[in-house]
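Listing of upload.txt; format and content: compact mmCIF, C-alpha atoms.
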# COMPACT_ATOMS: atom_id res chain seq x y z
CA MET J 1 161.65 156.44 -89.61
CA GLU J 2 164.77 155.54 -91.56
CA THR J 3 167.44 158.19 -91.79
CA GLY J 4 170.96 158.47 -93.07
CA MET J 5 172.29 160.04 -89.87
CA GLU J 6 175.77 158.97 -88.82
CA LEU J 7 176.86 159.21 -85.19
CA TYR J 8 180.49 159.17 -84.06
CA PHE J 9 180.66 157.92 -80.48
CA ALA J 10 182.94 156.47 -77.83
CA PRO J 11 181.59 153.87 -75.39
CA LEU J 12 180.10 155.42 -72.20
CA ALA J 13 181.15 158.92 -73.27
CA CYS J 14 178.57 161.71 -73.38
CA SER J 15 177.63 160.48 -76.87
CA MET J 16 175.75 157.66 -75.11
CA ALA J 17 172.94 160.17 -74.56
CA SER J 18 172.43 160.28 -78.34
CA ARG J 19 172.16 156.49 -78.50
CA ILE J 20 169.56 156.63 -75.71
CA ALA J 21 167.64 159.35 -77.60
CA LEU J 22 167.68 157.32 -80.83
CA TYR J 23 166.47 154.16 -79.09
CA GLU J 24 163.75 156.07 -77.21
CA ALA J 25 162.59 157.60 -80.52
CA GLY J 26 162.67 154.32 -82.41
CA GLY J 27 165.16 155.98 -84.74
CA THR J 28 168.21 154.72 -86.54
CA ALA J 29 171.69 155.92 -87.32
CA THR J 30 174.96 154.44 -88.46
CA PHE J 31 177.25 154.31 -85.42
CA HIS J 32 180.98 154.86 -85.86
CA GLN J 33 183.07 153.96 -82.82
CA VAL J 34 185.97 156.30 -82.08
CA ASP J 35 189.06 155.14 -80.19
CA THR J 36 189.58 158.39 -78.31
CA ARG J 37 192.87 157.19 -76.80
CA ALA J 38 194.38 156.72 -80.27
CA GLY J 39 192.29 159.44 -81.94
CA ARG J 40 191.28 157.01 -84.67
CA LEU J 41 188.27 155.32 -86.19
CA ALA J 42 188.00 151.55 -86.63
CA ASP J 43 189.43 151.82 -90.16
CA GLY J 44 192.54 153.53 -88.79
CA SER J 45 191.68 157.01 -90.12
CA GLU J 46 192.29 160.14 -88.03
CA PHE J 47 189.27 161.34 -86.07
CA SER J 48 190.66 164.90 -86.05
CA LEU J 49 189.77 165.08 -89.76
CA ILE J 50 186.12 164.80 -88.72
CA ASN J 51 186.31 166.90 -85.55
CA PRO J 52 189.47 168.94 -84.91
CA MET J 53 188.49 169.08 -81.21
CA ARG J 54 188.66 165.25 -81.22
CA GLN J 55 185.49 165.06 -79.14
CA VAL J 56 182.41 162.89 -79.46
CA PRO J 57 179.60 163.07 -80.36
CA VAL J 58 179.74 164.18 -83.96
CA LEU J 59 176.56 163.85 -85.97
CA ARG J 60 176.51 163.88 -89.73
CA THR J 61 172.99 164.79 -90.80
CA ASP J 62 171.02 163.53 -93.80
CA ALA J 63 171.90 166.81 -95.51
CA GLY J 64 175.62 166.20 -94.92
CA ASP J 65 176.06 168.85 -92.21
CA THR J 66 178.38 168.02 -89.34
CA LEU J 67 177.14 168.93 -85.87
CA THR J 68 179.18 168.85 -82.66
CA GLU J 69 178.45 169.69 -78.99
CA ASN J 70 176.38 167.14 -77.13
CA ALA J 71 173.46 169.46 -76.31
CA VAL J 72 173.06 170.39 -79.98
CA VAL J 73 173.33 166.83 -81.29
CA LEU J 74 170.64 165.83 -78.77
CA LEU J 75 168.32 168.67 -79.84
CA TYR J 76 168.83 167.77 -83.49
CA ILE J 77 168.00 164.10 -82.93
CA ALA J 78 164.93 164.97 -80.84
CA ASP J 79 163.71 167.35 -83.56
CA GLN J 80 163.90 164.59 -86.20
CA TYR J 81 161.35 162.54 -84.25
CA PRO J 82 158.77 165.02 -83.00
CA GLU J 83 156.24 162.25 -82.32
CA ALA J 84 158.59 160.85 -79.65
CA GLY J 85 158.30 164.03 -77.58
CA LEU J 86 161.98 164.10 -76.61
CA ALA J 87 162.14 167.90 -76.84
CA PRO J 88 159.45 170.58 -76.67
CA ARG J 89 159.34 172.33 -80.04
CA GLU J 90 159.00 175.93 -78.90
CA GLY J 91 158.03 178.38 -76.22
CA THR J 92 159.05 178.42 -72.59
CA ASP J 93 159.34 174.63 -72.44
CA ARG J 94 161.93 174.70 -75.21
CA TYR J 95 164.05 177.23 -73.29
CA ARG J 96 163.58 175.21 -70.11
CA LEU J 97 164.87 172.08 -71.85
CA GLN J 98 167.88 173.98 -73.14
CA GLN J 99 168.46 175.36 -69.65
CA TRP J 100 168.85 171.84 -68.30
CA LEU J 101 171.03 170.75 -71.23
CA SER J 102 173.26 173.75 -70.54
CA PHE J 103 173.37 173.11 -66.78
CA ILE J 104 174.37 169.47 -67.29
CA GLY J 105 176.96 170.38 -69.93
CA THR J 106 178.58 173.25 -68.06
CA GLU J 107 178.14 172.59 -64.33
CA LEU J 108 178.37 168.79 -64.29
CA HIS J 109 180.09 167.53 -67.43
CA LYS J 110 182.83 170.15 -67.84
CA LEU J 111 183.29 171.62 -64.37
CA VAL J 112 182.99 168.43 -62.29
CA PHE J 113 183.51 165.33 -64.41
CA ILE J 114 186.15 166.22 -67.03
CA PRO J 115 188.84 166.93 -64.39
CA LEU J 116 187.83 163.71 -62.57
CA LEU J 117 187.89 161.50 -65.69
CA ASP J 118 190.74 162.98 -67.74
CA SER J 119 193.97 161.01 -67.25
CA THR J 120 195.99 164.20 -67.87
CA SER J 121 194.36 165.95 -64.88
CA ASN J 122 196.06 166.39 -61.50
CA ASP J 123 195.24 166.14 -57.78
CA GLY J 124 194.45 169.84 -57.36
CA ALA J 125 192.10 169.87 -60.34
CA ARG J 126 190.36 166.74 -59.04
CA GLU J 127 190.00 168.25 -55.56
CA TYR J 128 188.53 171.45 -56.98
CA ALA J 129 186.11 169.44 -59.15
CA ARG J 130 184.93 167.38 -56.16
CA SER J 131 184.37 170.55 -54.14
CA ARG J 132 181.81 171.62 -56.78
CA ILE J 133 179.60 168.53 -56.40
CA ASP J 134 177.52 169.35 -53.33
CA ARG J 135 175.83 172.48 -54.60
CA ARG J 136 175.16 171.01 -58.05
CA PHE J 137 173.82 167.65 -56.94
CA GLY J 138 171.85 169.47 -54.23
CA HIS J 139 170.29 171.74 -56.86
CA LEU J 140 169.23 168.70 -58.90
CA ASP J 141 167.96 166.89 -55.81
CA ALA J 142 165.76 169.85 -54.83
CA HIS J 143 164.39 170.14 -58.35
CA LEU J 144 163.68 166.40 -58.67
CA HIS J 145 161.86 166.13 -55.35
CA GLY J 146 158.34 165.10 -56.37
CA ARG J 147 159.22 164.98 -60.08
CA ASP J 148 159.81 161.98 -62.35
CA HIS J 149 161.91 163.83 -64.91
CA LEU J 150 163.69 167.17 -65.36
CA LEU J 151 160.70 168.43 -67.37
CA ASP J 152 157.21 166.93 -67.17
CA ARG J 153 158.15 163.92 -69.32
CA PHE J 154 161.27 162.08 -70.49
CA THR J 155 163.40 164.31 -72.72
CA VAL J 156 166.93 164.38 -74.09
CA ALA J 157 167.97 166.26 -70.94
CA ASP J 158 167.26 163.08 -68.96
CA ALA J 159 169.28 161.09 -71.51
CA TYR J 160 172.21 163.44 -70.90
CA LEU J 161 171.87 163.48 -67.11
CA VAL J 162 171.86 159.66 -66.66
CA THR J 163 174.86 159.48 -68.99
CA VAL J 164 176.78 161.93 -66.80
CA LEU J 165 175.62 160.37 -63.51
CA ASN J 166 176.89 157.03 -64.80
CA TRP J 167 180.42 158.45 -64.49
CA ALA J 168 179.90 159.05 -60.76
CA GLY J 169 180.13 155.30 -60.22
CA PHE J 170 183.51 155.20 -61.96
CA ARG J 171 184.84 157.73 -59.43
CA ALA J 172 183.22 156.34 -56.28
CA ILE J 173 180.80 159.26 -55.97
CA GLU J 174 177.74 157.99 -54.10
CA LEU J 175 174.30 159.45 -54.78
CA ALA J 176 173.00 158.40 -51.35
CA PRO J 177 173.18 161.94 -49.86
CA TRP J 178 170.73 163.09 -52.56
CA PRO J 179 167.77 160.68 -52.34
CA ALA J 180 165.59 162.31 -54.99
CA LEU J 181 168.50 162.36 -57.43
CA ARG J 182 169.34 158.75 -56.64
CA ALA J 183 165.73 157.61 -57.10
CA TYR J 184 165.55 159.56 -60.37
CA ASN J 185 168.75 157.95 -61.62
CA ASP J 186 167.47 154.45 -60.76
CA ARG J 187 164.11 155.20 -62.40
CA VAL J 188 165.55 156.52 -65.66
CA ARG J 189 168.16 153.75 -65.91
CA ALA J 190 165.33 151.20 -65.60
CA ARG J 191 163.68 152.41 -68.82
CA PRO J 192 164.14 149.58 -71.33
CA HIS J 193 165.72 151.73 -74.04
CA VAL J 194 168.08 153.37 -71.55
CA ALA J 195 169.04 150.02 -70.03
CA ARG J 196 169.71 148.57 -73.50
CA ALA J 197 171.89 151.52 -74.56
CA MET J 198 173.88 151.40 -71.33
CA ALA J 199 174.41 147.62 -71.49
CA GLU J 200 175.59 147.79 -75.09
CA GLU J 201 178.02 150.63 -74.41
CA LEU J 202 179.35 148.97 -71.26
CA ALA J 203 180.16 145.87 -73.33
CA LEU J 204 181.90 147.99 -75.97
CA PHE J 205 183.78 149.87 -73.25
CA ARG J 206 185.05 146.65 -71.67
CA ALA J 207 186.12 145.29 -75.04
CA GLU J 208 188.03 148.51 -75.73
CA GLN J 209 189.71 148.45 -72.32
CA ALA J 210 190.77 144.83 -72.90
CA ARG J 211 192.61 145.71 -76.12
CA PRO J 212 196.20 146.97 -75.99
CA ALA J 213 196.49 150.70 -76.69
CA ALA J 214 197.07 151.45 -80.37
CA GLY J 215 200.75 151.91 -81.22
CA MET Q 1 160.35 197.66 -78.42
CA GLU Q 2 159.62 198.20 -74.74
CA THR Q 3 159.58 195.11 -72.56
CA GLY Q 4 159.31 194.30 -68.91
CA MET Q 5 162.32 191.99 -68.87
CA GLU Q 6 164.47 192.08 -65.75
CA LEU Q 7 168.11 191.02 -65.87
CA TYR Q 8 170.17 190.08 -62.82
CA PHE Q 9 173.84 190.65 -63.56
CA ALA Q 10 177.26 191.13 -61.99
CA PRO Q 11 179.76 193.53 -63.59
CA LEU Q 12 182.02 191.86 -66.20
CA ALA Q 13 180.51 188.42 -65.47
CA CYS Q 14 179.10 186.34 -68.31
CA SER Q 15 175.86 188.28 -67.91
CA MET Q 16 177.60 191.15 -69.75
CA ALA Q 17 176.82 189.24 -72.96
CA SER Q 18 173.12 189.86 -72.31
CA ARG Q 19 173.72 193.59 -71.88
CA ILE Q 20 175.60 193.58 -75.20
CA ALA Q 21 172.73 191.69 -76.86
CA LEU Q 22 170.17 194.16 -75.51
CA TYR Q 23 172.16 197.18 -76.66
CA GLU Q 24 172.76 195.65 -80.10
CA ALA Q 25 169.03 194.94 -80.42
CA GLY Q 26 167.99 198.39 -79.23
CA GLY Q 27 166.11 196.63 -76.45
CA THR Q 28 165.48 197.47 -72.85
CA ALA Q 29 165.45 195.67 -69.54
CA THR Q 30 165.58 196.56 -65.89
CA PHE Q 31 169.08 195.69 -64.65
CA HIS Q 32 169.54 194.41 -61.09
CA GLN Q 33 173.15 194.32 -59.93
CA VAL Q 34 174.12 191.31 -57.82
CA ASP Q 35 176.97 191.44 -55.33
CA THR Q 36 178.16 187.89 -55.94
CA ARG Q 37 180.73 188.07 -53.11
CA ALA Q 38 177.99 188.74 -50.58
CA GLY Q 39 175.27 186.87 -52.47
CA ARG Q 40 172.97 189.88 -52.16
CA LEU Q 41 171.09 192.40 -54.24
CA ALA Q 42 171.44 196.15 -53.75
CA ASP Q 43 168.44 196.14 -51.39
CA GLY Q 44 170.20 193.58 -49.17
CA SER Q 45 167.96 190.65 -50.13
CA GLU Q 46 169.40 187.17 -50.71
CA PHE Q 47 170.17 186.38 -54.34
CA SER Q 48 169.78 182.65 -53.61
CA LEU Q 49 166.03 183.26 -53.34
CA ILE Q 50 166.07 184.17 -57.03
CA ASN Q 51 168.64 181.60 -58.17
CA PRO Q 52 169.63 178.84 -55.73
CA MET Q 53 172.81 178.32 -57.81
CA ARG Q 54 173.68 181.98 -57.01
CA GLN Q 55 174.83 182.53 -60.60
CA VAL Q 56 174.18 185.33 -63.04
CA PRO Q 57 172.53 185.93 -65.44
CA VAL Q 58 168.96 185.41 -64.36
CA LEU Q 59 166.29 186.75 -66.68
CA ARG Q 60 162.73 187.37 -65.58
CA THR Q 61 160.59 187.43 -68.70
CA ASP Q 62 157.54 189.54 -69.43
CA ALA Q 63 155.46 186.48 -68.62
CA GLY Q 64 157.14 186.15 -65.21
CA ASP Q 65 159.21 183.06 -66.06
CA THR Q 66 162.69 182.90 -64.62
CA LEU Q 67 165.43 181.72 -67.00
CA THR Q 68 168.99 180.84 -66.05
CA GLU Q 69 172.05 179.60 -67.99
CA ASN Q 70 173.80 182.20 -70.10
CA ALA Q 71 173.28 180.48 -73.47
CA VAL Q 72 169.53 180.27 -72.86
CA VAL Q 73 169.15 183.85 -71.62
CA LEU Q 74 171.00 185.00 -74.77
CA LEU Q 75 168.76 182.95 -77.07
CA TYR Q 76 165.68 184.30 -75.31
CA ILE Q 77 166.78 187.93 -75.67
CA ALA Q 78 167.71 187.40 -79.33
CA ASP Q 79 164.32 185.84 -80.03
CA GLN Q 80 162.50 188.88 -78.59
CA TYR Q 81 164.09 191.11 -81.25
CA PRO Q 82 164.04 189.07 -84.46
CA GLU Q 83 164.60 192.18 -86.58
CA ALA Q 84 168.05 192.58 -84.98
CA GLY Q 85 169.21 189.24 -86.40
CA LEU Q 86 171.10 188.23 -83.26
CA ALA Q 87 170.09 184.56 -83.65
CA PRO Q 88 168.93 182.56 -86.67
CA ARG Q 89 165.37 181.45 -86.03
CA GLU Q 90 165.54 177.86 -87.29
CA GLY Q 91 167.26 175.29 -89.41
CA THR Q 92 170.93 174.42 -89.58
CA ASP Q 93 171.99 177.98 -88.74
CA ARG Q 94 170.06 177.81 -85.46
CA TYR Q 95 171.87 174.58 -84.49
CA ARG Q 96 175.16 176.12 -85.58
CA LEU Q 97 174.58 179.13 -83.30
CA GLN Q 98 173.75 176.85 -80.40
CA GLN Q 99 176.89 174.83 -81.15
CA TRP Q 100 179.02 177.92 -80.62
CA LEU Q 101 177.10 178.95 -77.51
CA SER Q 102 177.68 175.46 -76.11
CA PHE Q 103 181.36 175.44 -77.07
CA ILE Q 104 181.96 178.79 -75.37
CA GLY Q 105 179.99 177.77 -72.28
CA THR Q 106 181.55 174.35 -71.81
CA GLU Q 107 185.07 174.49 -73.27
CA LEU Q 108 186.01 178.08 -72.45
CA HIS Q 109 183.81 179.42 -69.65
CA LYS Q 110 183.58 176.37 -67.38
CA LEU Q 111 186.65 174.29 -68.26
CA VAL Q 112 189.21 177.09 -68.66
CA PHE Q 113 188.05 180.29 -67.02
CA ILE Q 114 186.11 179.28 -63.90
CA PRO Q 115 189.14 177.58 -62.30
CA LEU Q 116 191.28 180.59 -63.28
CA LEU Q 117 188.87 183.21 -61.90
CA ASP Q 118 187.40 181.48 -58.84
CA SER Q 119 189.16 182.60 -55.65
CA THR Q 120 188.43 179.18 -54.08
CA SER Q 121 190.40 177.38 -56.81
CA ASN Q 122 193.94 176.02 -56.34
CA ASP Q 123 197.26 175.83 -58.22
CA GLY Q 124 196.61 172.39 -59.69
CA ALA Q 125 193.18 173.36 -60.97
CA ARG Q 126 194.61 176.55 -62.49
CA GLU Q 127 197.45 174.62 -64.14
CA TYR Q 128 195.00 172.10 -65.62
CA ALA Q 129 192.77 174.92 -66.87
CA ARG Q 130 195.70 176.68 -68.56
CA SER Q 131 196.75 173.43 -70.24
CA ARG Q 132 193.35 173.39 -72.00
CA ILE Q 133 193.80 176.79 -73.67
CA ASP Q 134 195.94 175.94 -76.71
CA ARG Q 135 193.60 173.51 -78.40
CA ARG Q 136 190.51 175.65 -77.74
CA PHE Q 137 191.94 179.00 -78.79
CA GLY Q 138 193.55 177.22 -81.76
CA HIS Q 139 190.16 175.83 -82.77
CA LEU Q 140 188.63 179.31 -82.64
CA ASP Q 141 191.58 180.83 -84.50
CA ALA Q 142 191.27 178.32 -87.35
CA HIS Q 143 187.52 178.91 -87.59
CA LEU Q 144 187.84 182.71 -87.55
CA HIS Q 145 190.54 182.83 -90.23
CA GLY Q 146 188.86 184.76 -93.04
CA ARG Q 147 185.64 185.28 -91.07
CA ASP Q 148 184.34 188.42 -89.35
CA HIS Q 149 182.09 186.58 -86.86
CA LEU Q 150 181.42 183.07 -85.60
CA LEU Q 151 178.45 182.83 -87.99
CA ASP Q 152 178.04 185.01 -91.09
CA ARG Q 153 176.94 188.05 -89.07
CA PHE Q 154 177.09 189.32 -85.48
CA THR Q 155 175.06 187.07 -83.16
CA VAL Q 156 174.71 186.44 -79.43
CA ALA Q 157 177.55 183.89 -79.74
CA ASP Q 158 179.90 186.78 -80.49
CA ALA Q 159 178.49 188.67 -77.49
CA TYR Q 160 179.32 185.65 -75.31
CA LEU Q 161 182.78 185.09 -76.80
CA VAL Q 162 184.05 188.68 -76.32
CA THR Q 163 182.71 188.58 -72.77
CA VAL Q 164 184.74 185.45 -72.05
CA LEU Q 165 187.86 186.67 -73.88
CA ASN Q 166 187.73 189.82 -71.74
CA TRP Q 167 188.65 187.60 -68.76
CA ALA Q 168 191.87 186.53 -70.50
CA GLY Q 169 193.28 190.00 -69.83
CA PHE Q 170 192.58 189.62 -66.11
CA ARG Q 171 194.75 186.49 -66.05
CA ALA Q 172 197.57 187.68 -68.33
CA ILE Q 173 196.57 185.35 -71.16
CA GLU Q 174 197.78 186.94 -74.40
CA LEU Q 175 195.89 186.42 -77.65
CA ALA Q 176 198.98 187.16 -79.76
CA PRO Q 177 199.67 183.49 -80.62
CA TRP Q 178 196.23 183.36 -82.29
CA PRO Q 179 196.15 186.29 -84.72
CA ALA Q 180 192.71 185.62 -86.24
CA LEU Q 181 191.22 185.33 -82.75
CA ARG Q 182 192.98 188.50 -81.62
CA ALA Q 183 191.81 190.46 -84.67
CA TYR Q 184 188.26 189.14 -84.15
CA ASN Q 185 188.32 190.20 -80.50
CA ASP Q 186 189.55 193.70 -81.40
CA ARG Q 187 186.93 193.99 -84.17
CA VAL Q 188 183.98 192.94 -82.03
CA ARG Q 189 185.06 195.07 -79.06
CA ALA Q 190 185.14 198.09 -81.38
CA ARG Q 191 181.42 197.80 -82.15
CA PRO Q 192 179.81 200.84 -80.47
CA HIS Q 193 177.21 198.84 -78.52
CA VAL Q 194 179.83 196.35 -77.34
CA ALA Q 195 182.24 199.12 -76.35
CA ARG Q 196 179.49 200.92 -74.44
CA ALA Q 197 178.44 197.79 -72.54
CA MET Q 198 182.03 196.93 -71.64
CA ALA Q 199 182.86 200.47 -70.48
CA GLU Q 200 179.75 200.63 -68.30
CA GLU Q 201 180.42 197.27 -66.70
CA LEU Q 202 184.10 198.05 -66.14
CA ALA Q 203 183.07 201.19 -64.24
CA LEU Q 204 180.58 199.20 -62.15
CA PHE Q 205 183.23 196.53 -61.52
CA ARG Q 206 185.77 199.09 -60.30
CA ALA Q 207 183.20 200.72 -58.03
CA GLU Q 208 182.35 197.31 -56.56
CA GLN Q 209 186.03 196.44 -56.01
CA ALA Q 210 186.55 199.77 -54.25
CA ARG Q 211 183.82 199.03 -51.71
CA PRO Q 212 184.61 197.00 -48.60
CA ALA Q 213 183.17 193.48 -48.71
CA ALA Q 214 179.72 193.27 -47.20
CA GLY Q 215 179.77 192.09 -43.60
Whole structure given in structure tokens:
Amino acid sequence: METGMELYFAPLACSMASRIALYEAGGTATFHQVDTRAGRLADGSEFSLINPMRQVPVLRTDAGDTLTENAVVLLYIADQYPEAGLAPREGTDRYRLQQWLSFIGTELHKLVFIPLLDSTSNDGAREYARSRIDRRFGHLDAHLHGRDHLLDRFTVADAYLVTVLNWAGFRAIELAPWPALRAYNDRVRARPHVARAMAEELALFRAEQARPAAG
Amino acid sequence: METGMELYFAPLACSMASRIALYEAGGTATFHQVDTRAGRLADGSEFSLINPMRQVPVLRTDAGDTLTENAVVLLYIADQYPEAGLAPREGTDRYRLQQWLSFIGTELHKLVFIPLLDSTSNDGAREYARSRIDRRFGHLDAHLHGRDHLLDRFTVADAYLVTVLNWAGFRAIELAPWPALRAYNDRVRARPHVARAMAEELALFRAEQARPAAG
């Protein structure tokens, strides 16, 4: 299905989950890379004009609406491709999907990983963030024991979780103490569409890191 | 409408938003107070048996499902009382509501307020959390300029936001630099159902603080 969706992203940021969702759905979008260090798009324009919070992802829909917040962008994309089954449409399964999106966004992304990844953070904030890992990874590990995915099939919550777990490697956080979580992460990363999205964004990330910071 | 919903809550915690939503909807639920310091219910049983993350709210639905994550519990309650209009049912407005629920949960609740409220936090984590306030309160202030609510009427996102802003007072964070946000907060707190919920939970909170910690 051809759409006019536009996705603003930064390589390996949480917006990678939207790329994974699009590839898994066989969907398309126009991707706009954001230099989050400089706060600019490739054409030099200010990203804050598109999102005053200066965060990716931003999705511009076919209808011209602008959506922010990773969990919502993921739900929107999944809903455009119902045949791909990336999100239950209604009922308890829909709430359950949103429960996992919320858990990943609040407990992992914001509480643990932002203080670990943000260059403006400090040692105390990083120590506090690391002290939160055990219970949260343990909760995931217990849930994933005997399961292939967070729900009963691959959904956008899995796209979000592998995107967040990818950051663990950048901060020397080993998944070995949580074998079900580690096996899950390996299994989801091995999906061809996930592997393709991650390889492409890693290449873009390295190219960005190799450039001098914008003046 | 009479339901068999059961809500696990702690006084003045984010679960207060669910009490507000129920009162606004004219709904009912059985409330179970959780002593989050001791991790126990009033009957002495372990709360971790109900939620291994030991977080409120937990909602047990009529069908016996257990839902966690504040944003999801709020959506579920709103959806049980469609006539109350606490959540748009579908379309762009539904995504927009979820965008605000996600923003409040990730940017305010987890990034700013958890490190400020958690007694196991540290000075660095608190300093980092405070450094995040300006942009986030500024974003809300700009959005609320000329608006009465986050969407075009009172929704569960407003219930969540006043619950979170209530914590600012506990940490001497003044809203004065953000006049639209301050006026919004005053306006929503003055709603009779909101005022009733907050007064009841403040009384429960004070009673809990006055008790010795469970041994």
Surrounding residues of Trp100 of chain Q excluding itself and chain neighbours under 6 positions, 10 Å, only C-alpha atoms, as a ChimeraX atom specification = /J:68-69,72 /Q:71,106,140,150-151,156-158,160-161
ask   = Which is closer to chain Q than all the others in J:Asn166, J:Gln209, J:Ser45, J:Gln98, using all atoms listed in the file?
value =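 The shortest atom-to-atom distance to chain Q comes from J:Gln98.
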inquiry  = Contacts from chain Q to chain J, 7 Å maximum, all atoms listed in the file: show me the residue list as a list of chain:residue names.
reply    =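 Taken together, these residues fit the definition: Q:Thr68, Q:Glu69, Q:Val72, Q:Tyr95, Q:Gln98, Q:Gln99, Q:Ser102, Q:Phe103, Q:Gly105, Q:Thr106, Q:Lys110, Q:Leu111, Q:Ser121, Q:Asn122, Q:Asp123, Q:Gly124, Q:Ala125, Q:Tyr128.
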inquiry  = Between atom CA of Ala210 of chain Q and atom CA of Leu49 of chain Q, what distance in Å does the model show, to one decimal?
reply    =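 Between these atoms lies a distance of 26.4 Å.
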If you count all atoms listed in the file, which residues fall within 8 Å of segment 23-36 of chain J, apart from same-chain ones fewer than 3 positions away, as a compact mmCIF listing (two decimals) with C-alpha atoms, in the coordinates of the input?
# COMPACT_ATOMS: atom_id res chain seq x y z
CA MET J 1 161.65 156.44 -89.61
CA GLU J 2 164.77 155.54 -91.56
CA THR J 3 167.44 158.19 -91.79
CA GLY J 4 170.96 158.47 -93.07
CA MET J 5 172.29 160.04 -89.87
CA GLU J 6 175.77 158.97 -88.82
CA LEU J 7 176.86 159.21 -85.19
CA TYR J 8 180.49 159.17 -84.06
CA PHE J 9 180.66 157.92 -80.48
CA ALA J 10 182.94 156.47 -77.83
CA PRO J 11 181.59 153.87 -75.39
CA ARG J 19 172.16 156.49 -78.50
CA ILE J 20 169.56 156.63 -75.71
CA GLY J 39 192.29 159.44 -81.94
CA ARG J 40 191.28 157.01 -84.67
CA LEU J 41 188.27 155.32 -86.19
CA ALA J 42 188.00 151.55 -86.63
CA PHE J 47 189.27 161.34 -86.07
CA ARG J 54 188.66 165.25 -81.22
CA GLN J 55 185.49 165.06 -79.14
CA VAL J 56 182.41 162.89 -79.46
CA ALA J 78 164.93 164.97 -80.84
CA TYR J 81 161.35 162.54 -84.25
CA ALA J 84 158.59 160.85 -79.65
CA LEU J 86 161.98 164.10 -76.61
CA HIS J 193 165.72 151.73 -74.04
CA VAL J 194 168.08 153.37 -71.55
CA ALA J 197 171.89 151.52 -74.56
Distance of atom CA of Leu12 of chain J from atom CA of Asp134 of chain Q, expressed in Å to one decimal place =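 Calculated distance between atom CA of Asp134 of chain Q and atom CA of Leu12 of chain J is 26.3 Å.
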request  = Calculate how many Å separate atom CA of His149 of chain Q from atom CA of Val188 of chain Q, rounding to one decimal.
outcome  = 8.2 Å
Please write a file for segment 147-175 of chain J, taken from the block I just shared, that holds C-alpha atoms and is laid out as a PDB file, in the first residue's frame.
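Output file decode-v3.pdb follows:
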ATOM      1  CA  ARG J 147       6.837 -16.853  24.906  1.00  0.00           C
ATOM      2  CA  ASP J 148       8.141 -15.788  21.486  1.00  0.00           C
ATOM      3  CA  HIS J 149       6.809 -12.235  21.647  1.00  0.00           C
ATOM      4  CA  LEU J 150       5.295  -9.802  24.154  1.00  0.00           C
ATOM      5  CA  LEU J 151       1.821 -10.704  22.831  1.00  0.00           C
ATOM      6  CA  ASP J 152       1.021 -13.909  20.943  1.00  0.00           C
ATOM      7  CA  ARG J 153       2.584 -12.642  17.705  1.00  0.00           C
ATOM      8  CA  PHE J 154       5.004  -9.950  16.541  1.00  0.00           C
ATOM      9  CA  THR J 155       3.588  -6.478  17.191  1.00  0.00           C
ATOM     10  CA  VAL J 156       4.832  -2.901  17.321  1.00  0.00           C
ATOM     11  CA  ALA J 157       5.618  -3.456  21.018  1.00  0.00           C
ATOM     12  CA  ASP J 158       8.348  -5.889  19.945  1.00  0.00           C
ATOM     13  CA  ALA J 159       9.618  -3.305  17.443  1.00  0.00           C
ATOM     14  CA  TYR J 160       9.906  -0.800  20.296  1.00  0.00           C
ATOM     15  CA  LEU J 161      11.494  -3.240  22.750  1.00  0.00           C
ATOM     16  CA  VAL J 162      14.324  -4.392  20.423  1.00  0.00           C
ATOM     17  CA  THR J 163      14.991  -0.745  19.589  1.00  0.00           C
ATOM     18  CA  VAL J 164      15.409   0.078  23.284  1.00  0.00           C
ATOM     19  CA  LEU J 165      17.410  -3.082  24.073  1.00  0.00           C
ATOM     20  CA  ASN J 166      19.789  -2.126  21.268  1.00  0.00           C
ATOM     21  CA  TRP J 167      20.904   0.801  23.452  1.00  0.00           C
ATOM     22  CA  ALA J 168      21.975  -1.607  26.201  1.00  0.00           C
ATOM     23  CA  GLY J 169      24.931  -2.611  24.049  1.00  0.00           C
ATOM     24  CA  PHE J 170      26.035   1.016  23.776  1.00  0.00           C
ATOM     25  CA  ARG J 171      26.234   1.205  27.580  1.00  0.00           C
ATOM     26  CA  ALA J 172      27.792  -2.202  28.262  1.00  0.00           C
ATOM     27  CA  ILE J 173      24.601  -3.597  29.803  1.00  0.00           C
ATOM     28  CA  GLU J 174      24.680  -7.370  29.311  1.00  0.00           C
ATOM     29  CA  LEU J 175      21.459  -9.341  28.896  1.00  0.00           C
TER      30      LEU J 175
END
